[in-house]
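Colleague: The following block contains the structure, expressed as structure tokens.
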Amino acid sequence: MPPGQEGMGIVSVKIINDLLSTLDYQAAIKDVRLGPFWTAALTRNCGLASTPHMPHHHSPHVPVPVKDAGHLMEKVALGLARMARSDSEMEAAIGMATINSLIEIEETRCIDLNAADLIQEKGRDKRVAIAGHFPFVRKLRQTTKELWVIEKYPGESDLAESEAQNIIPKADVVAITGSAFVNHTIEDLLRLCGSKAFVIVLGPSTPLSPILFEYGIDVISGTKVVDPETVLPYVSQGATFRQMKGVRLLIMKR
């Protein structure tokens with residue numbers, strides 16, 4: 001088996017493969033944290049990804065969520081990053097956090113802006129579809145013409161994942177959670193977007209890499225960890241993102 005492909009199964013996701021092809025892997029694995037809400041990897045930078053809330057440990061294809069748990073620090077950066085393609089979402093989260101830790105963010109292309117404010121501006125009096133339930137959804141309902149929220153585990157007023165194919169093509173503005181990189185739905189969701197839709201991918205899992213613009217995305221909204229020593233304990237101790245210190249919210253436009 002080629003180095004770095006030690007996961008329980010390899011998912012072919014072109015967007016992840018393209019991200020992997022852009023990275024410099026000459027970096028040591030300094031730390032890996034798998035918290036209840038966030039996963040962190042520390043290489044030359046610190047990267048975050050969302051921890052799957054309901055790992056499919058019952059699946060016969062995923063006998064354990066993280067095959068090499070306890071030995072991740074022994075891997076090379078390439079091996080850890082390639083876990084982003086694993087069919088175990090826990091492993092994929094570790095892989096995406098590693099990818100984000102290896103990206104050298106072009107800060108000259110970024111602005112400090114909360115994605116919620118941008119979505120509200122672009123979505124005013126328009127039809128908005130959001131893949132993933134965010135805290136700003138309630139506020140957004142007051143200004144949009146129509147708002148659909150599609151969620152893997154739908155709550156009240158949310159729509160099931162199966163509705164995405166009916167809803168997203170109708171939307172003027174589409175916002176997709178970066179968690180879609182972890183559960184490998186990102187490409188399917190992007191394919192559903194109308195040619196004239198304004199598309200934003202947001203959340204700490206989102207790679208701040210311009211290669212995403214090749215997939216029809218207009219804006220990427222991610223997180224730069226500016227103080228890893230502060231962030232890592234927050235991750236381990238169950239902090240939500242709103243509780244976390246030591247991070248910057250950045251937006252990169254096409």
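Ligands are numbered from 1 in the order shown, residues from 1 within each chain, and chains are lettered A, B, ... in the order they appear in the structure tokens.
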Mind checking which residues fall within 8 Å of Tyr215 in chain A, counting only C-alpha atoms, ignoring those fewer than 4 positions away in the same chain, and posting them as a list in words?
Modeller: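 The contact residues come out as Ile15, Leu190 and Ile211 of chain A.
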Colleague: Please identify all polymer residues within 7 Å of range 114-123 of chain A, counting only C-alpha atoms, omitting same-chain residues fewer than 4 positions from it, and present them as a PyMOL selection string.
Modeller: chain A and resi 127-128+136+140+144+173+202+221+249
Colleague: When distances are computed from only C-alpha atoms, which of A:Ala97, A:Gln142, A:Ala131, A:Val182 shows the smallest separation from Ala164 in chain A?
Modeller: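 Checking each candidate against Ala164 in chain A, we get A:Ala131 as the closest.
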Colleague: Can you tell me, as a PyMOL selection string, what residues are no more than 8 Å from Thr206 in chain A when counting only C-alpha atoms, ignoring any on the same chain fewer than 5 positions away?
Modeller: chain A and resi 49+100+177-179+181+201+220-223
Colleague: Among range 40-143 of chain A, which ones does DSSP assign to alpha helix (DSSP H) (computed from the backbone)? Answer as JSON, numbers by chain.
Modeller: {"A": [77, 78, 79, 80, 81, 89, 90, 91, 92, 93, 94, 95, 96, 97, 98, 99, 100, 101, 102, 115, 116, 117, 118, 119, 120, 121, 122, 123, 137, 138, 139, 140]}
Colleague: Identify all residues of range 5-251 of chain A in strand (DSSP E) (DSSP on the backbone) and supply them as a VMD selection string.
Modeller: chain A and resid 31 to 34 38 to 42 46 to 50 110 to 112 127 to 131 146 to 151 159 to 160 173 to 177 198 to 202 219 to 225 247 to 251
Colleague: Kindly export the residues of the current selection with C-alpha atoms, as a CSV table (one decimal), in the first residue's frame.
Modeller:
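Saved to result37.csv:
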chain,number,residue,atom,x,y,z
A,31,ASP,CA,0.3,17.6,17.8
A,32,VAL,CA,-3.0,16.0,16.9
A,33,ARG,CA,-6.2,16.7,18.9
A,34,LEU,CA,-9.6,15.1,18.3
A,38,TRP,CA,-13.1,20.4,16.7
A,39,THR,CA,-10.1,18.5,15.4
A,40,ALA,CA,-6.7,20.1,15.3
A,41,ALA,CA,-3.4,19.3,13.7
A,42,LEU,CA,-0.2,21.2,14.4
A,46,CYS,CA,-2.2,24.8,13.3
A,47,GLY,CA,-5.2,23.7,11.2
A,48,LEU,CA,-8.8,22.9,12.3
A,49,ALA,CA,-11.6,20.8,11.0
A,50,SER,CA,-15.0,19.8,12.4
A,110,CYS,CA,-7.9,37.9,2.6
A,111,ILE,CA,-10.1,40.3,4.6
A,112,ASP,CA,-11.3,40.0,8.2
A,127,ARG,CA,-33.6,32.8,-2.2
A,128,VAL,CA,-30.8,31.4,0.0
A,129,ALA,CA,-29.9,27.7,0.6
A,130,ILE,CA,-27.5,26.8,3.4
A,131,ALA,CA,-26.0,23.4,3.7
A,146,GLU,CA,-36.8,32.5,1.1
A,147,LEU,CA,-34.4,30.5,3.3
A,148,TRP,CA,-33.7,26.8,3.2
A,149,VAL,CA,-31.5,25.0,5.6
A,150,ILE,CA,-30.3,21.5,4.7
A,151,GLU,CA,-28.8,19.4,7.4
A,159,LEU,CA,-34.6,20.0,5.5
A,160,ALA,CA,-33.1,16.6,5.1
A,173,VAL,CA,-27.1,32.3,-2.8
A,174,VAL,CA,-25.7,29.0,-1.6
A,175,ALA,CA,-23.7,28.7,1.6
A,176,ILE,CA,-22.0,25.3,2.2
A,177,THR,CA,-20.4,24.3,5.5
A,198,PHE,CA,-23.3,33.2,-5.5
A,199,VAL,CA,-21.5,30.3,-3.7
A,200,ILE,CA,-19.7,30.6,-0.4
A,201,VAL,CA,-18.0,27.8,1.6
A,202,LEU,CA,-17.6,28.6,5.2
A,219,VAL,CA,-15.9,33.2,-1.6
A,220,ILE,CA,-14.1,30.9,0.9
A,221,SER,CA,-14.5,31.8,4.5
A,222,GLY,CA,-12.1,30.0,6.9
A,223,THR,CA,-10.1,30.3,10.0
A,224,LYS,CA,-6.4,31.1,10.7
A,225,VAL,CA,-5.1,29.9,14.0
A,247,VAL,CA,-8.2,32.5,15.9
A,248,ARG,CA,-9.0,34.9,13.0
A,249,LEU,CA,-11.9,34.7,10.7
A,250,LEU,CA,-10.7,35.3,7.1
A,251,ILE,CA,-12.5,35.6,3.8
Colleague: Would you list the contacts of Glu104 in chain A as a list in words, taking every protein, DNA or RNA residue within 12 Å and counting only C-alpha atoms, but skipping same-chain residues closer than 5 positions in sequence?
Modeller: Thr22, Leu23, Asp24, Tyr25, Thr43, Arg44, Asn45, Cys46, Gly47, Ile99, Arg109, Pro207, Leu208, Ser209, Pro210, Lys224 and Val225 of chain A
Colleague: Which residue is closest to Lys253 in chain A? Choose from A:Glu161, A:Asp188, A:Leu232, A:Thr108 and count only C-alpha atoms.
Modeller: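 Of A:Glu161, A:Asp188, A:Leu232, A:Thr108, the one nearest Lys253 in chain A, counting only C-alpha atoms, is A:Thr108.
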Colleague: Please, what distance in Å, to one decimal, runs between CA of Asp158 in chain A and CA of Gly132 in chain A?
Modeller: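 Answer for the CA of Asp158 in chain A to CA of Gly132 in chain A separation: 9.1 Å.
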Colleague: With only C-alpha atoms as the atoms that count, which of A:Asn17, A:Thr230, A:Asn166, A:Ser205 lies nearest to Ala93 in chain A?
Modeller: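 So, comparing all the options, the nearest one is A:Ser205.
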Colleague: When you look at Leu192 in chain A with a cut-off of 7 Å (counting only C-alpha atoms), what residues show up, excluding the ones that are within fewer than 4 positions of it in the same chain? I need them as a list in words.
Modeller: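 With the cut-off at 7 Å, the set is Gln165, Ile168, Pro169 and Asp188 of chain A.
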Colleague: Ranking A:Ile16, A:Arg254, A:Ala81, A:Gly194 by minimum distance to Glu214 in chain A and counting only C-alpha atoms, which one comes first?
Modeller: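 The answer is A:Arg254, which sits nearest to Glu214 in chain A.
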Colleague: Pick from A:Ala197, A:Met83, A:Val235, A:Leu78: nearest to Val66 in chain A, with only C-alpha atoms counted?
Modeller: A:Met83
Colleague: So which one's closest to Lys152 in chain A, A:His133, A:Lys75, A:Arg242, A:Lys30? Using only C-alpha atoms, please.
Modeller: A:His133
